[in-house]
There are 2 protein chains.
Amino acid sequence: MKNLIKEIRMELGFTQGELSEKLEVSRQTIISLEKGRYNPSLILAFKIAKLFNRSIEDIFEPDEVE
Amino acid sequence: MKNLIKEIRMELGFTQGELSEKLEVSRQTIISLEKGRYNPSLILAFKIAKLFNRSIEDIFEPDEVE
DNA sequence: GAGTGATGTAAAGTAGGCTTTACGTAAAGT
DNA sequence: ACTTTACGTAAAGCCTACTTTACATCACTC
């Protein structure tokens, strides 16, 4: 699961720590998300989309055809 | 997490079993999803959206302000 | 009224999302 | 040189999404 979290976070001038606070998750979760290490829950994806003011589809791109 | 899975599934004339096959998950997962018992992974949400030809935001509605 | 198909519940197990803690490194400031 | 800030890794643990199996109910058909 690719995503634009790092790019959008930096656009908005947030550190990973700030983003993790706003999303109420750990910094580890942000790091792992940005690295594409795992696929977030739908709830977290909604939170991110809301904070970034974009659609989930704009931010996340599922790895082909699974 | 509310969703319109049951409604759309019935619109399309699928049984729970058929839907579970198309999505490659168990029938239990479909039942639990339709009952709102848990929040799917983002990958499963993408699969459902693709199959239903709608956006994730059209199908799922997160429970208020979490 | 026995058989079949669709929906549902219950319970035990597996896998992975997410947390917590601890440590490493590089850049910048003092 | 030391401190601070931001980013990163590693490992152990918790919780829950999801699986599997088994069984119950209802509607329909034969």
# chains A, B, ... in the order shown; residues from 1 in each chain; ligands from 1
>>> interface_residues(of="chain B", to="chain D", cutoff="8 Å", atoms="only C-alpha atoms (C1' of nucleotides)", output="PyMOL selection string")
chain B and resi 25-26+29+38-41
>>> interface_residues(of="chain A", to="chain B", cutoff="10 Å", atoms="only C-alpha atoms", output="PyMOL selection string")
chain A and resi 1+23-24+39-47+55-57+60-63+65-66
>>> select_by_dssp(residues="chain A", states="helix (DSSP H, G or I)", output="PyMOL selection string")
chain A and resi 5-11+16-23+27-34+42-52+56-59
>>> closest_residue(among="B:Arg54, B:Arg9, B:Arg27, B:Ile48", to="chain C", atoms="only C-alpha atoms (C1' of nucleotides)")
B:Arg27
>>> closest_atom_pairs(of="chain C", to="chain A", cutoff="10 Å", atoms="only C-alpha atoms (C1' of nucleotides)", output="CSV")
residue,atom,partner,partner_atom,distance
C:DG16,C1',A:Tyr38,CA,8.3
C:DG17,C1',A:Pro40,CA,6.7
C:DC18,C1',A:Thr29,CA,6.5
C:DT19,C1',A:Ser26,CA,6.8
C:DT20,C1',A:Ser26,CA,8.9
>>> select_by_dssp(residues="chain A", states="strand (DSSP E or B)", output="list in words")
Lys2, Asn3, Ser41, Phe60 and Glu61 of chain A
>>> write_last_selection(atoms="N, CA and C atoms", output="PDB file, in the first residue's frame")
ATOM      1  N   LYS A   2       0.915   1.882  -1.135  1.00  0.00           N
ATOM      2  CA  LYS A   2       1.658   3.141  -1.213  1.00  0.00           C
ATOM      3  C   LYS A   2       0.780   4.278  -0.685  1.00  0.00           C
ATOM      4  N   ASN A   3       1.426   5.372  -0.284  1.00  0.00           N
ATOM      5  CA  ASN A   3       0.647   6.522   0.168  1.00  0.00           C
ATOM      6  C   ASN A   3       1.485   7.788   0.095  1.00  0.00           C
ATOM      7  N   SER A  41      -5.700   0.686   9.369  1.00  0.00           N
ATOM      8  CA  SER A  41      -7.119   0.393   9.501  1.00  0.00           C
ATOM      9  C   SER A  41      -7.890   1.455   8.728  1.00  0.00           C
ATOM     10  N   PHE A  60      -4.019   7.214  -0.583  1.00  0.00           N
ATOM     11  CA  PHE A  60      -3.547   5.829  -0.594  1.00  0.00           C
ATOM     12  C   PHE A  60      -3.732   5.190  -1.961  1.00  0.00           C
ATOM     13  N   GLU A  61      -2.769   4.358  -2.309  1.00  0.00           N
ATOM     14  CA  GLU A  61      -2.877   3.603  -3.551  1.00  0.00           C
ATOM     15  C   GLU A  61      -2.559   2.151  -3.265  1.00  0.00           C
TER      16      GLU A  61
END
